[in-house]
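Q: Got a structure for you, start_0.cif, holding mmCIF, C-alpha atoms.
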```cif
data_input
#
loop_
_atom_site.group_PDB
_atom_site.id
_atom_site.type_symbol
_atom_site.label_atom_id
_atom_site.label_comp_id
_atom_site.auth_asym_id
_atom_site.auth_seq_id
_atom_site.Cartn_x
_atom_site.Cartn_y
_atom_site.Cartn_z
ATOM 1 C CA MET V 183 36.998 -2.619 52.675
ATOM 2 C CA VAL V 184 40.688 -3.420 52.777
ATOM 3 C CA THR V 185 43.489 -1.803 50.771
ATOM 4 C CA ARG V 186 46.685 -3.773 50.165
ATOM 5 C CA ASN V 187 49.570 -3.973 47.719
ATOM 6 C CA VAL V 188 48.900 -5.981 44.578
ATOM 7 C CA VAL V 189 50.168 -9.535 44.140
ATOM 8 C CA GLU V 190 50.729 -11.158 40.770
ATOM 9 C CA ASN V 191 47.494 -13.172 40.803
ATOM 10 C CA ASP V 192 45.434 -9.968 41.099
ATOM 11 C CA TYR V 193 46.011 -9.723 37.346
ATOM 12 C CA PHE V 194 43.185 -12.214 36.768
ATOM 13 C CA ALA V 195 40.708 -10.448 39.062
ATOM 14 C CA VAL V 196 41.403 -7.165 37.277
ATOM 15 C CA MET V 197 41.111 -8.738 33.815
ATOM 16 C CA ASN V 198 37.733 -10.185 34.863
ATOM 17 C CA VAL V 199 36.226 -6.762 35.562
ATOM 18 C CA MET V 200 37.751 -4.661 32.803
ATOM 19 C CA ASN V 201 34.974 -5.164 30.277
ATOM 20 C CA ASP V 202 32.297 -4.269 32.813
ATOM 21 C CA TRP V 203 34.090 -1.386 34.469
ATOM 22 C CA TRP V 204 35.059 0.254 31.141
ATOM 23 C CA GLU V 205 31.716 -0.421 29.438
ATOM 24 C CA GLY V 206 33.116 -2.822 26.877
ATOM 25 C CA ARG V 207 36.053 -0.678 25.723
ATOM 26 C CA GLN V 208 38.847 -3.079 24.715
ATOM 27 C CA ILE V 209 41.648 -1.849 26.930
ATOM 28 C CA SER V 210 42.909 -4.924 28.777
ATOM 29 C CA HIS V 211 45.980 -4.965 26.506
ATOM 30 C CA LEU V 212 47.100 -1.779 28.282
ATOM 31 C CA LEU V 213 47.628 -3.672 31.508
ATOM 32 C CA PRO V 214 49.756 -6.781 30.927
ATOM 33 C CA ARG V 215 50.631 -9.058 33.803
ATOM 34 C CA LEU V 216 54.139 -7.633 34.121
ATOM 35 C CA PHE V 217 52.707 -4.595 35.930
ATOM 36 C CA PHE V 218 51.323 -6.902 38.620
ATOM 37 C CA GLU V 219 54.652 -8.677 38.927
ATOM 38 C CA HIS V 220 57.192 -5.858 38.910
ATOM 39 C CA PHE V 221 55.482 -2.804 40.442
ATOM 40 C CA GLN V 222 53.836 -4.244 43.543
ATOM 41 C CA SER V 223 55.348 -1.776 46.001
ATOM 42 C CA THR V 224 53.512 1.154 44.373
ATOM 43 C CA SER V 225 50.327 -0.613 43.223
ATOM 44 C CA TYR V 226 47.197 -1.297 45.245
ATOM 45 C CA ILE V 227 44.041 -3.367 45.386
ATOM 46 C CA VAL V 228 40.893 -2.456 47.316
ATOM 47 C CA GLU V 229 38.684 -5.421 48.239
ATOM 48 C CA ASP V 230 35.307 -5.534 49.938
ATOM 49 C CA ASP V 231 34.457 -7.708 52.931
ATOM 50 C CA ASN V 232 33.946 -10.711 50.607
ATOM 51 C CA ASN V 233 37.423 -10.287 49.075
ATOM 52 C CA CYS V 234 35.855 -9.048 45.832
ATOM 53 C CA LEU V 235 37.733 -6.426 43.847
ATOM 54 C CA SER V 236 36.417 -2.898 44.459
ATOM 55 C CA ALA V 237 39.231 -0.785 43.007
ATOM 56 C CA PHE V 238 42.876 -0.837 41.970
ATOM 57 C CA LEU V 239 45.769 1.487 41.155
ATOM 58 C CA ILE V 240 48.875 0.473 39.201
ATOM 59 C CA GLY V 241 51.818 2.856 39.371
ATOM 60 C CA PHE V 242 55.593 2.946 39.461
ATOM 61 C CA VAL V 243 58.605 5.173 39.895
ATOM 62 C CA SER V 244 60.238 6.333 36.678
ATOM 63 C CA GLN V 245 63.669 4.756 36.240
ATOM 64 C CA THR V 246 64.660 7.543 33.837
ATOM 65 C CA ASN V 247 63.942 10.185 36.470
ATOM 66 C CA PRO V 248 63.614 8.574 39.923
ATOM 67 C CA LYS V 249 62.070 11.767 41.327
ATOM 68 C CA GLU V 250 59.066 11.213 39.084
ATOM 69 C CA ALA V 251 56.252 8.707 39.694
ATOM 70 C CA TYR V 252 53.730 7.548 37.120
ATOM 71 C CA ILE V 253 50.189 6.293 37.661
ATOM 72 C CA HIS V 254 49.508 3.925 34.790
ATOM 73 C CA PHE V 255 46.029 2.588 35.440
ATOM 74 C CA VAL V 256 43.226 3.126 37.968
ATOM 75 C CA GLY V 257 39.823 1.451 38.141
ATOM 76 C CA VAL V 258 36.880 1.635 40.542
ATOM 77 C CA ASP V 259 33.794 -0.608 40.499
ATOM 78 C CA PRO V 260 31.081 1.537 38.814
ATOM 79 C CA GLU V 261 28.771 0.865 41.758
ATOM 80 C CA LEU V 262 31.323 2.327 44.170
ATOM 81 C CA ARG V 263 32.249 5.492 42.294
ATOM 82 C CA ASN V 264 32.009 9.013 43.746
ATOM 83 C CA LYS V 265 32.751 7.727 47.237
ATOM 84 C CA GLY V 266 36.364 8.939 47.350
ATOM 85 C CA ILE V 267 37.979 5.527 46.774
ATOM 86 C CA ALA V 268 40.141 6.661 43.846
ATOM 87 C CA ARG V 269 41.114 9.759 45.805
ATOM 88 C CA GLU V 270 42.246 7.576 48.740
ATOM 89 C CA LEU V 271 44.273 5.374 46.381
ATOM 90 C CA TYR V 272 45.954 8.430 44.889
ATOM 91 C CA TYR V 273 46.829 9.753 48.355
ATOM 92 C CA LEU V 274 48.268 6.377 49.288
ATOM 93 C CA PHE V 275 50.351 6.367 46.101
ATOM 94 C CA PHE V 276 51.516 9.964 46.714
ATOM 95 C CA SER V 277 52.577 9.079 50.239
ATOM 96 C CA THR V 278 54.446 5.965 49.099
ATOM 97 C CA VAL V 279 56.352 7.587 46.255
ATOM 98 C CA ARG V 280 57.175 10.668 48.339
ATOM 99 C CA ASN V 281 58.844 8.302 50.801
ATOM 100 C CA LEU V 282 60.744 6.822 47.836
ATOM 101 C CA GLY V 283 62.126 10.271 46.980
ATOM 102 C CA CYS V 284 59.700 11.431 44.300
ATOM 103 C CA ASN V 285 58.588 15.045 43.992
ATOM 104 C CA THR V 286 56.351 14.781 40.912
ATOM 105 C CA VAL V 287 53.488 12.544 39.779
ATOM 106 C CA LYS V 288 52.395 12.140 36.177
ATOM 107 C CA CYS V 289 49.485 10.369 34.513
ATOM 108 C CA ILE V 290 48.014 10.299 31.012
ATOM 109 C CA THR V 291 44.482 9.833 29.754
ATOM 110 C CA SER V 292 42.564 9.946 26.518
ATOM 111 C CA PRO V 293 40.817 13.262 25.708
ATOM 112 C CA ILE V 294 37.499 11.401 25.465
ATOM 113 C CA ASN V 295 37.759 10.334 29.105
ATOM 114 C CA GLU V 296 36.120 13.467 30.501
ATOM 115 C CA SER V 297 35.520 12.029 33.957
ATOM 116 C CA SER V 298 39.240 11.246 34.254
ATOM 117 C CA VAL V 299 40.111 14.806 33.221
ATOM 118 C CA ALA V 300 37.683 16.235 35.807
ATOM 119 C CA PHE V 301 38.986 13.899 38.523
ATOM 120 C CA HIS V 302 42.631 14.760 37.968
ATOM 121 C CA LYS V 303 41.919 18.490 37.902
ATOM 122 C CA SER V 304 40.018 18.119 41.181
ATOM 123 C CA MET V 305 43.100 16.394 42.609
ATOM 124 C CA GLY V 306 45.261 19.406 41.744
ATOM 125 C CA PHE V 307 46.911 18.063 38.609
ATOM 126 C CA THR V 308 47.601 20.462 35.765
ATOM 127 C CA ALA V 309 46.383 19.195 32.383
ATOM 128 C CA THR V 310 48.122 19.665 29.026
ATOM 129 C CA LEU V 311 47.162 18.352 25.595
ATOM 130 C CA GLY V 312 49.790 16.042 24.093
ATOM 131 C CA THR V 313 49.134 16.188 20.350
ATOM 132 C CA ASP V 314 49.935 13.001 18.386
ATOM 133 C CA TYR V 315 51.415 11.483 21.563
ATOM 134 C CA ALA V 316 50.776 7.870 20.559
ATOM 135 C CA GLY V 317 50.955 8.430 16.791
ATOM 136 C CA LYS V 318 49.244 10.664 14.233
ATOM 137 C CA GLY V 319 45.831 11.697 15.576
ATOM 138 C CA HIS V 320 46.279 9.778 18.844
ATOM 139 C CA HIS V 321 46.257 12.697 21.257
ATOM 140 C CA ARG V 322 46.469 12.361 25.035
ATOM 141 C CA ILE V 323 46.000 14.578 28.063
ATOM 142 C CA PHE V 324 49.078 14.803 30.317
ATOM 143 C CA PHE V 325 48.547 15.366 34.027
ATOM 144 C CA LEU V 326 51.307 16.673 36.252
ATOM 145 C CA SER V 327 51.425 17.484 39.937
ATOM 146 C CA SER V 328 54.155 18.423 42.343
ATOM 147 C CA LEU V 329 53.961 16.346 45.509
ATOM 148 C CA TYR V 330 54.846 19.468 47.478
ATOM 149 C CA ASN V 331 51.491 20.931 46.468
ATOM 150 C CA ILE V 332 49.505 17.953 47.665
ATOM 151 C CA PHE V 333 48.273 17.456 51.184
ATOM 152 C CA ILE V 334 49.313 13.938 52.166
ATOM 153 C CA ILE V 335 46.741 12.224 54.333
ATOM 154 C CA SER V 336 48.525 10.713 57.280
ATOM 155 C CA LYS V 337 47.699 7.058 57.538
ATOM 156 C CA MET R 164 76.554 1.101 13.999
ATOM 157 C CA VAL R 165 76.032 3.023 17.201
ATOM 158 C CA THR R 166 74.343 1.782 20.386
ATOM 159 C CA ARG R 167 72.822 4.336 22.770
ATOM 160 C CA ASN R 168 70.132 4.590 25.432
ATOM 161 C CA VAL R 169 66.608 5.157 24.139
ATOM 162 C CA VAL R 170 64.973 8.572 24.171
ATOM 163 C CA GLU R 171 61.230 9.072 24.173
ATOM 164 C CA ASN R 172 60.969 9.891 20.463
ATOM 165 C CA ASP R 173 62.464 6.503 19.568
ATOM 166 C CA TYR R 174 58.937 5.220 20.200
ATOM 167 C CA PHE R 175 57.902 6.374 16.718
ATOM 168 C CA ALA R 176 60.889 4.788 14.965
ATOM 169 C CA VAL R 177 60.154 1.472 16.691
ATOM 170 C CA MET R 178 56.429 1.652 15.903
ATOM 171 C CA ASN R 179 57.324 2.262 12.250
ATOM 172 C CA VAL R 180 59.209 -1.028 11.942
ATOM 173 C CA MET R 181 57.095 -3.349 14.073
ATOM 174 C CA ASN R 182 54.840 -4.583 11.289
ATOM 175 C CA ASP R 183 57.801 -5.386 9.058
ATOM 176 C CA TRP R 184 60.080 -6.859 11.699
ATOM 177 C CA TRP R 185 57.333 -9.104 13.151
ATOM 178 C CA GLU R 186 55.887 -10.102 9.759
ATOM 179 C CA GLY R 187 52.566 -8.367 10.299
ATOM 180 C CA ARG R 188 51.821 -9.735 13.786
ATOM 181 C CA GLN R 189 49.825 -7.072 15.641
ATOM 182 C CA ILE R 190 52.010 -6.558 18.682
ATOM 183 C CA SER R 191 52.669 -2.822 18.861
ATOM 184 C CA HIS R 192 50.188 -2.568 21.762
ATOM 185 C CA LEU R 193 52.714 -4.496 23.858
ATOM 186 C CA LEU R 194 55.128 -1.588 23.713
ATOM 187 C CA PRO R 195 53.399 1.659 24.714
ATOM 188 C CA ARG R 196 55.318 4.907 24.774
ATOM 189 C CA LEU R 197 55.681 4.834 28.577
ATOM 190 C CA PHE R 198 58.482 2.266 28.213
ATOM 191 C CA PHE R 199 60.455 4.768 26.135
ATOM 192 C CA GLU R 200 59.839 7.507 28.702
ATOM 193 C CA HIS R 201 60.426 5.759 32.013
ATOM 194 C CA PHE R 202 63.003 3.017 31.389
ATOM 195 C CA GLN R 203 65.674 4.809 29.369
ATOM 196 C CA SER R 204 68.593 3.870 31.612
ATOM 197 C CA THR R 205 68.159 0.144 30.832
ATOM 198 C CA SER R 206 66.861 0.359 27.249
ATOM 199 C CA TYR R 207 68.891 0.651 24.071
ATOM 200 C CA ILE R 208 68.704 1.572 20.413
ATOM 201 C CA VAL R 209 71.156 0.427 17.732
ATOM 202 C CA GLU R 210 71.345 2.675 14.668
ATOM 203 C CA ASP R 211 73.261 2.294 11.440
ATOM 204 C CA ASP R 212 75.520 4.933 9.911
ATOM 205 C CA ASN R 213 72.452 6.699 8.447
ATOM 206 C CA ASN R 214 70.746 6.911 11.872
ATOM 207 C CA CYS R 215 68.244 4.240 10.817
ATOM 208 C CA LEU R 216 66.990 1.830 13.454
ATOM 209 C CA SER R 217 68.807 -1.511 13.362
ATOM 210 C CA ALA R 218 67.776 -3.011 16.719
ATOM 211 C CA PHE R 219 66.395 -2.156 20.141
ATOM 212 C CA LEU R 220 66.048 -3.613 23.632
ATOM 213 C CA ILE R 221 63.559 -2.373 26.226
ATOM 214 C CA GLY R 222 64.138 -3.528 29.799
ATOM 215 C CA PHE R 223 63.858 -2.405 33.400
ATOM 216 C CA VAL R 224 64.650 -3.333 36.979
ATOM 217 C CA SER R 225 61.787 -4.911 38.912
ATOM 218 C CA GLN R 226 60.527 -2.568 41.625
ATOM 219 C CA THR R 227 59.017 -5.532 43.485
ATOM 220 C CA ASN R 228 62.401 -7.252 43.662
ATOM 221 C CA PRO R 229 65.204 -4.786 42.822
ATOM 222 C CA LYS R 230 67.683 -7.664 42.406
ATOM 223 C CA GLU R 231 65.701 -8.839 39.381
ATOM 224 C CA ALA R 232 65.798 -7.278 35.922
ATOM 225 C CA TYR R 233 63.274 -7.861 33.157
ATOM 226 C CA ILE R 234 63.770 -7.658 29.402
ATOM 227 C CA HIS R 235 60.406 -6.691 27.969
ATOM 228 C CA PHE R 236 60.970 -6.381 24.249
ATOM 229 C CA VAL R 237 63.806 -6.906 21.772
ATOM 230 C CA GLY R 238 63.831 -6.414 18.026
ATOM 231 C CA VAL R 239 66.452 -6.697 15.298
ATOM 232 C CA ASP R 240 66.048 -5.670 11.655
ATOM 233 C CA PRO R 241 65.405 -8.976 9.790
ATOM 234 C CA GLU R 242 68.242 -8.154 7.378
ATOM 235 C CA LEU R 243 70.687 -7.850 10.266
ATOM 236 C CA ARG R 244 69.812 -11.011 12.179
ATOM 237 C CA ASN R 245 72.297 -13.743 13.119
ATOM 238 C CA LYS R 246 75.120 -11.223 13.385
ATOM 239 C CA GLY R 247 75.207 -11.142 17.199
ATOM 240 C CA ILE R 248 73.438 -7.781 17.603
ATOM 241 C CA ALA R 249 70.795 -9.080 20.030
ATOM 242 C CA ARG R 250 73.503 -10.887 21.971
ATOM 243 C CA GLU R 251 75.476 -7.629 22.297
ATOM 244 C CA LEU R 252 72.338 -5.815 23.501
ATOM 245 C CA TYR R 253 71.707 -8.513 26.104
ATOM 246 C CA TYR R 254 75.298 -8.287 27.349
ATOM 247 C CA LEU R 255 74.979 -4.500 27.600
ATOM 248 C CA PHE R 256 71.748 -4.904 29.565
ATOM 249 C CA PHE R 257 73.330 -7.556 31.848
ATOM 250 C CA SER R 258 76.272 -5.276 32.557
ATOM 251 C CA THR R 259 74.026 -2.297 33.300
ATOM 252 C CA VAL R 260 71.631 -4.092 35.630
ATOM 253 C CA ARG R 261 74.476 -5.886 37.430
ATOM 254 C CA ASN R 262 75.892 -2.453 38.215
ATOM 255 C CA LEU R 263 72.435 -1.514 39.527
ATOM 256 C CA GLY R 264 72.541 -4.439 41.979
ATOM 257 C CA CYS R 265 70.629 -7.119 40.065
ATOM 258 C CA ASN R 266 71.580 -10.788 40.199
ATOM 259 C CA THR R 267 68.816 -12.252 38.003
ATOM 260 C CA VAL R 268 67.364 -11.516 34.565
ATOM 261 C CA LYS R 269 63.952 -12.682 33.409
ATOM 262 C CA CYS R 270 62.131 -12.534 30.086
ATOM 263 C CA ILE R 271 58.967 -14.078 28.683
ATOM 264 C CA THR R 272 58.001 -15.181 25.191
ATOM 265 C CA SER R 273 55.176 -16.928 23.410
ATOM 266 C CA PRO R 274 55.628 -20.693 22.850
ATOM 267 C CA ILE R 275 55.171 -20.149 19.095
ATOM 268 C CA ASN R 276 58.258 -17.935 19.001
ATOM 269 C CA GLU R 277 60.719 -20.761 18.479
ATOM 270 C CA SER R 278 63.597 -18.538 17.434
ATOM 271 C CA SER R 279 63.251 -16.597 20.691
ATOM 272 C CA VAL R 280 63.296 -19.847 22.683
ATOM 273 C CA ALA R 281 66.430 -21.016 20.858
ATOM 274 C CA PHE R 282 68.136 -17.635 21.299
ATOM 275 C CA HIS R 283 67.494 -17.458 25.048
ATOM 276 C CA LYS R 284 68.665 -21.035 25.588
ATOM 277 C CA SER R 285 71.847 -20.216 23.662
ATOM 278 C CA MET R 286 72.329 -17.257 26.011
ATOM 279 C CA GLY R 287 72.222 -19.541 29.041
ATOM 280 C CA PHE R 288 68.660 -18.870 30.169
ATOM 281 C CA THR R 289 66.644 -21.728 31.615
ATOM 282 C CA ALA R 290 63.197 -22.091 30.049
ATOM 283 C CA THR R 291 59.974 -23.068 31.847
ATOM 284 C CA LEU R 292 56.441 -23.317 30.519
ATOM 285 C CA GLY R 293 54.016 -20.938 32.261
ATOM 286 C CA THR R 294 50.595 -22.489 31.671
ATOM 287 C CA ASP R 295 47.664 -20.037 31.396
ATOM 288 C CA TYR R 296 50.032 -17.184 32.289
ATOM 289 C CA ALA R 297 48.042 -14.484 30.507
ATOM 290 C CA GLY R 298 44.638 -16.170 30.864
ATOM 291 C CA LYS R 299 43.111 -19.534 29.987
ATOM 292 C CA GLY R 300 45.050 -21.073 27.100
ATOM 293 C CA HIS R 301 47.490 -18.150 26.882
ATOM 294 C CA HIS R 302 50.683 -19.970 27.814
ATOM 295 C CA ARG R 303 54.108 -18.377 27.893
ATOM 296 C CA ILE R 304 57.729 -19.490 28.177
ATOM 297 C CA PHE R 305 59.593 -18.010 31.161
ATOM 298 C CA PHE R 306 63.337 -17.453 30.837
ATOM 299 C CA LEU R 307 65.541 -17.035 33.853
ATOM 300 C CA SER R 308 69.251 -16.499 34.232
ATOM 301 C CA SER R 309 71.527 -15.708 37.119
ATOM 302 C CA LEU R 310 73.907 -12.893 36.266
ATOM 303 C CA TYR R 311 76.645 -14.746 38.120
ATOM 304 C CA ASN R 312 76.501 -17.415 35.409
ATOM 305 C CA ILE R 313 76.922 -14.998 32.552
ATOM 306 C CA PHE R 314 80.206 -13.768 31.195
ATOM 307 C CA ILE R 315 79.952 -10.001 31.062
ATOM 308 C CA ILE R 316 81.719 -8.500 28.073
ATOM 309 C CA SER R 317 83.840 -5.635 29.296
ATOM 310 C CA LYS R 318 83.011 -2.501 27.358
#
```
For this file, produce the structure as C-alpha cells.

A:
Amino acid sequence: MVTRNVVENDYFAVMNVMNDWWEGRQISHLLPRLFFEHFQSTSYIVEDDNNCLSAFLIGFVSQTNPKEAYIHFVGVDPELRNKGIARELYYLFFSTVRNLGCNTVKCITSPINESSVAFHKSMGFTATLGTDYAGKGHHRIFFLSSLYNIFIISK
Amino acid sequence: MVTRNVVENDYFAVMNVMNDWWEGRQISHLLPRLFFEHFQSTSYIVEDDNNCLSAFLIGFVSQTNPKEAYIHFVGVDPELRNKGIARELYYLFFSTVRNLGCNTVKCITSPINESSVAFHKSMGFTATLGTDYAGKGHHRIFFLSSLYNIFIISK
C-alpha cells in the first residue's frame, strides 16, 4: 500500500466508495470537491498495489486559529478496518500539522457513530457532547487533542 | 448597515434565511458550520441597524496554493439586491486576501444560476464551463480573476 497526498481527481474515487463504505448513509454532500482542491497538503489517500482506494483522510489547518488543525473526513475500506490504517493516517496528519505550527487537533462526529467515538478515544482525544451543534436536535461529539500529548511516529 | 467578520454562531442566522433567500432550493448542506468556525478571517456578515442579517460572504485561502483564494458562498437578502452589497463584500474579500499574499480569486457556480454568472462577469471574472465537475452531468461554471486586474477600494 502507498500513502500520498490527495489530488483533485481523487474526489471521484472517494465518491465511488462512499455508499459502500458508509453502508448506504447519504453523506457524500459532506465532502464536496473543494476539499480535494484546496486542502491537498494536509489530506491523504491510501491505495493498494492495484491503485485502488483503501483509505483517505481530509483535513486542514484552521484559518481562524492557525494553531488548530481539523480532520474533516476519514474513510477506510470496510475490508481493511482494524489494521491500524486510520491510526497511521492520523499520525501522518499530526506530524504534518505540527510542522505547520499547530498544537491542537479537532474533529467532530455524530453521536450515533459509536466506532468513531471509540477510535478517537483510543487515539487520546477527549470527547465532549455538543448539543444542538448543527441545529435543534442535531447534536455532535467534539474531539480535541493537544499535539504535545501525542507520540508522533517518525517517518 | 455594519460589515464584520463572521463568528461561529452566525451559522444559525444564515441557516435561518437560506430557504427564503434561495427560493426553497435545498442548499444548506453546502455550508456546514465548519466554515463559520475555521474561516472567520476571510468571511463576512452584513447586518442592518437591528442586527438582522442582510448579506454574507464565506471564503478562504487555498492551502494547496496559498496565492489562490476561494469564495465559497455569498448571499444577499432578496430585498436588498442590486444595491452593490455583494460587490462591496467581494472588494473587502479581495483586499483581505491580497494582504495575505494571494494573487488570484476563484469561485464556482451552477450553470442554472444566471444571475451569479452575470454578476461575476461584471466583476471582471473570466468564466469557463467545467463539464462533469461534480460527477457525470453535474457541470459547473468556474470563475477566475487575477487580483492585479481588480481595483481595490481603499477602506

Q: Counting all atoms listed in the file, which residues in chain R sit no more than 12 Å from chain V? For each one, give the nearest pair of atoms and the distance in Å, sorted by chain then residue number, as JSON lines.

A:
```
{"residue": "R:Asn168", "atom": "CA", "partner": "V:Thr246", "partner_atom": "CA", "distance": 10.5}
{"residue": "R:Val169", "atom": "CA", "partner": "V:Thr246", "partner_atom": "CA", "distance": 10.2}
{"residue": "R:Val170", "atom": "CA", "partner": "V:Thr246", "partner_atom": "CA", "distance": 9.7}
{"residue": "R:Glu171", "atom": "CA", "partner": "V:Thr246", "partner_atom": "CA", "distance": 10.4}
{"residue": "R:Asn172", "atom": "CA", "partner": "V:Tyr315", "partner_atom": "CA", "distance": 9.7}
{"residue": "R:Asp173", "atom": "CA", "partner": "V:Ala316", "partner_atom": "CA", "distance": 11.8}
{"residue": "R:Tyr174", "atom": "CA", "partner": "V:Ala316", "partner_atom": "CA", "distance": 8.6}
{"residue": "R:Phe175", "atom": "CA", "partner": "V:Gly317", "partner_atom": "CA", "distance": 7.2}
{"residue": "R:Ala176", "atom": "CA", "partner": "V:Gly317", "partner_atom": "CA", "distance": 10.7}
{"residue": "R:Val177", "atom": "CA", "partner": "V:Gly317", "partner_atom": "CA", "distance": 11.5}
{"residue": "R:Met178", "atom": "CA", "partner": "V:Gly317", "partner_atom": "CA", "distance": 8.8}
{"residue": "R:Asn179", "atom": "CA", "partner": "V:Gly317", "partner_atom": "CA", "distance": 10.0}
{"residue": "R:Gln189", "atom": "CA", "partner": "V:His211", "partner_atom": "CA", "distance": 11.7}
{"residue": "R:Ile190", "atom": "CA", "partner": "V:His211", "partner_atom": "CA", "distance": 10.0}
{"residue": "R:Ser191", "atom": "CA", "partner": "V:His211", "partner_atom": "CA", "distance": 10.4}
{"residue": "R:His192", "atom": "CA", "partner": "V:His211", "partner_atom": "CA", "distance": 6.8}
{"residue": "R:Leu193", "atom": "CA", "partner": "V:His211", "partner_atom": "CA", "distance": 7.3}
{"residue": "R:Leu194", "atom": "CA", "partner": "V:Leu212", "partner_atom": "CA", "distance": 9.2}
{"residue": "R:Pro195", "atom": "CA", "partner": "V:Ala316", "partner_atom": "CA", "distance": 7.9}
{"residue": "R:Arg196", "atom": "CA", "partner": "V:Ala316", "partner_atom": "CA", "distance": 6.9}
{"residue": "R:Leu197", "atom": "CA", "partner": "V:His254", "partner_atom": "CA", "distance": 8.8}
{"residue": "R:Phe198", "atom": "CA", "partner": "V:Ser244", "partner_atom": "CA", "distance": 9.6}
{"residue": "R:Phe199", "atom": "CA", "partner": "V:Thr246", "partner_atom": "CA", "distance": 9.2}
{"residue": "R:Glu200", "atom": "CA", "partner": "V:Thr246", "partner_atom": "CA", "distance": 7.0}
{"residue": "R:His201", "atom": "CA", "partner": "V:Ser244", "partner_atom": "CA", "distance": 4.7}
{"residue": "R:Phe202", "atom": "CA", "partner": "V:Gln245", "partner_atom": "CA", "distance": 5.2}
{"residue": "R:Gln203", "atom": "CA", "partner": "V:Thr246", "partner_atom": "CA", "distance": 5.3}
{"residue": "R:Ser204", "atom": "CA", "partner": "V:Thr246", "partner_atom": "CA", "distance": 5.8}
{"residue": "R:Thr205", "atom": "CA", "partner": "V:Gln245", "partner_atom": "CA", "distance": 8.4}
{"residue": "R:Ser206", "atom": "CA", "partner": "V:Thr246", "partner_atom": "CA", "distance": 10.0}
{"residue": "R:Gly222", "atom": "CA", "partner": "V:Gln245", "partner_atom": "CA", "distance": 10.5}
{"residue": "R:Phe223", "atom": "CA", "partner": "V:Gln245", "partner_atom": "CA", "distance": 7.7}
{"residue": "R:Val224", "atom": "CA", "partner": "V:His220", "partner_atom": "CA", "distance": 8.1}
{"residue": "R:Ser225", "atom": "CA", "partner": "V:His220", "partner_atom": "CA", "distance": 4.7}
{"residue": "R:Gln226", "atom": "CA", "partner": "V:Phe221", "partner_atom": "CA", "distance": 5.2}
{"residue": "R:Thr227", "atom": "CA", "partner": "V:His220", "partner_atom": "CA", "distance": 4.9}
{"residue": "R:Asn228", "atom": "CA", "partner": "V:His220", "partner_atom": "CA", "distance": 7.2}
{"residue": "R:Pro229", "atom": "CA", "partner": "V:His220", "partner_atom": "CA", "distance": 9.0}
{"residue": "R:Lys230", "atom": "CA", "partner": "V:His220", "partner_atom": "CA", "distance": 11.2}
{"residue": "R:Glu231", "atom": "CA", "partner": "V:His220", "partner_atom": "CA", "distance": 9.0}
{"residue": "R:Ala232", "atom": "CA", "partner": "V:His220", "partner_atom": "CA", "distance": 9.2}
{"residue": "R:Tyr233", "atom": "CA", "partner": "V:His220", "partner_atom": "CA", "distance": 8.6}
{"residue": "R:Ile234", "atom": "CA", "partner": "V:Leu216", "partner_atom": "CA", "distance": 10.7}
{"residue": "R:His235", "atom": "CA", "partner": "V:Leu216", "partner_atom": "CA", "distance": 8.8}
{"residue": "R:Val260", "atom": "CA", "partner": "V:Gln245", "partner_atom": "CA", "distance": 11.9}
{"residue": "R:Leu263", "atom": "CA", "partner": "V:Gln245", "partner_atom": "CA", "distance": 11.3}
{"residue": "R:Lys269", "atom": "CA", "partner": "V:Leu216", "partner_atom": "CA", "distance": 11.1}
{"residue": "R:Cys270", "atom": "CA", "partner": "V:Leu216", "partner_atom": "CA", "distance": 10.2}
{"residue": "R:Ile271", "atom": "CA", "partner": "V:Leu216", "partner_atom": "CA", "distance": 9.7}
{"residue": "R:Asp295", "atom": "CA", "partner": "V:Phe194", "partner_atom": "CA", "distance": 10.5}
{"residue": "R:Tyr296", "atom": "CA", "partner": "V:Arg215", "partner_atom": "CA", "distance": 8.3}
{"residue": "R:Ala297", "atom": "CA", "partner": "V:Arg215", "partner_atom": "CA", "distance": 6.9}
{"residue": "R:Gly298", "atom": "CA", "partner": "V:Phe194", "partner_atom": "CA", "distance": 7.3}
{"residue": "R:Lys299", "atom": "CA", "partner": "V:Phe194", "partner_atom": "CA", "distance": 10.0}
{"residue": "R:His301", "atom": "CA", "partner": "V:Arg215", "partner_atom": "CA", "distance": 11.9}
{"residue": "R:Arg303", "atom": "CA", "partner": "V:Arg215", "partner_atom": "CA", "distance": 11.6}
```

Q: Any idea what the distance is between CA of Ser292 (chain V) and CA of Pro260 (chain V)?

A: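 Atom-to-atom, CA of Ser292 (chain V) to CA of Pro260 (chain V), that is 18.8 Å.
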
Q: If I take CA of Tyr226 (chain V) and CA of Arg269 (chain V), how far is one from the other in Å, to one decimal?

A: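 The value is 12.6 Å.
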
Q: Could you please determine the separation between CA of Leu220 (chain R) and CA of Val268 (chain R) in Å, to one decimal place?

A: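 Atom-to-atom, CA of Leu220 (chain R) to CA of Val268 (chain R), that is 13.6 Å.
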
Q: Quick one: of V:Leu329, V:Val184, V:Ala309, V:Cys234, who's nearest to Val199 (chain V), counting all atoms listed in the file?

A: V:Cys234

Q: Tell me, as a ChimeraX atom specification, which residues lie within 9 Å of Val239 (chain R), counting only C-alpha atoms; anything in the same chain fewer than 4 positions away does not count.

A: /R:184,209,216-220,243-244,248-249

Q: So that I can see what lies close to Phe276 (chain V), please list as a list in words the residues with an atom at most 9 Å from it, counting only C-alpha atoms and leaving out residues fewer than 4 positions away in the same chain.

A: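 My reading of the contact set: Ala251, Leu271, Tyr272, Arg280, Asn281, Cys284, Thr286, Val287, Leu329, Ile332 and Ile334 of chain V.
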
Q: Pick out the closest residue to Asn233 (chain V) from this set: V:Met183, V:Val299, V:Ile294, V:Met305. Count only C-alpha atoms.

A: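 For Asn233 (chain V), the nearest of the candidates is V:Met183.
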
Q: When the PyMOL selection byres ((chain R and resi 292) around 8) is applied to the file above, which residues end up in the set, as a PyMOL selection string?

A: chain R and resi 290-291+293-294+302-305

Q: Could the residues in this selection be saved with C-alpha atoms as a PDB file, in the coordinates of the input?

A:
```pdb
ATOM      1  CA  ALA R 290      63.197 -22.091  30.049  1.00  0.00           C
ATOM      2  CA  THR R 291      59.974 -23.068  31.847  1.00  0.00           C
ATOM      3  CA  GLY R 293      54.016 -20.938  32.261  1.00  0.00           C
ATOM      4  CA  THR R 294      50.595 -22.489  31.671  1.00  0.00           C
ATOM      5  CA  HIS R 302      50.683 -19.970  27.814  1.00  0.00           C
ATOM      6  CA  ARG R 303      54.108 -18.377  27.893  1.00  0.00           C
ATOM      7  CA  ILE R 304      57.729 -19.490  28.177  1.00  0.00           C
ATOM      8  CA  PHE R 305      59.593 -18.010  31.161  1.00  0.00           C
TER       9      PHE R 305
END
```
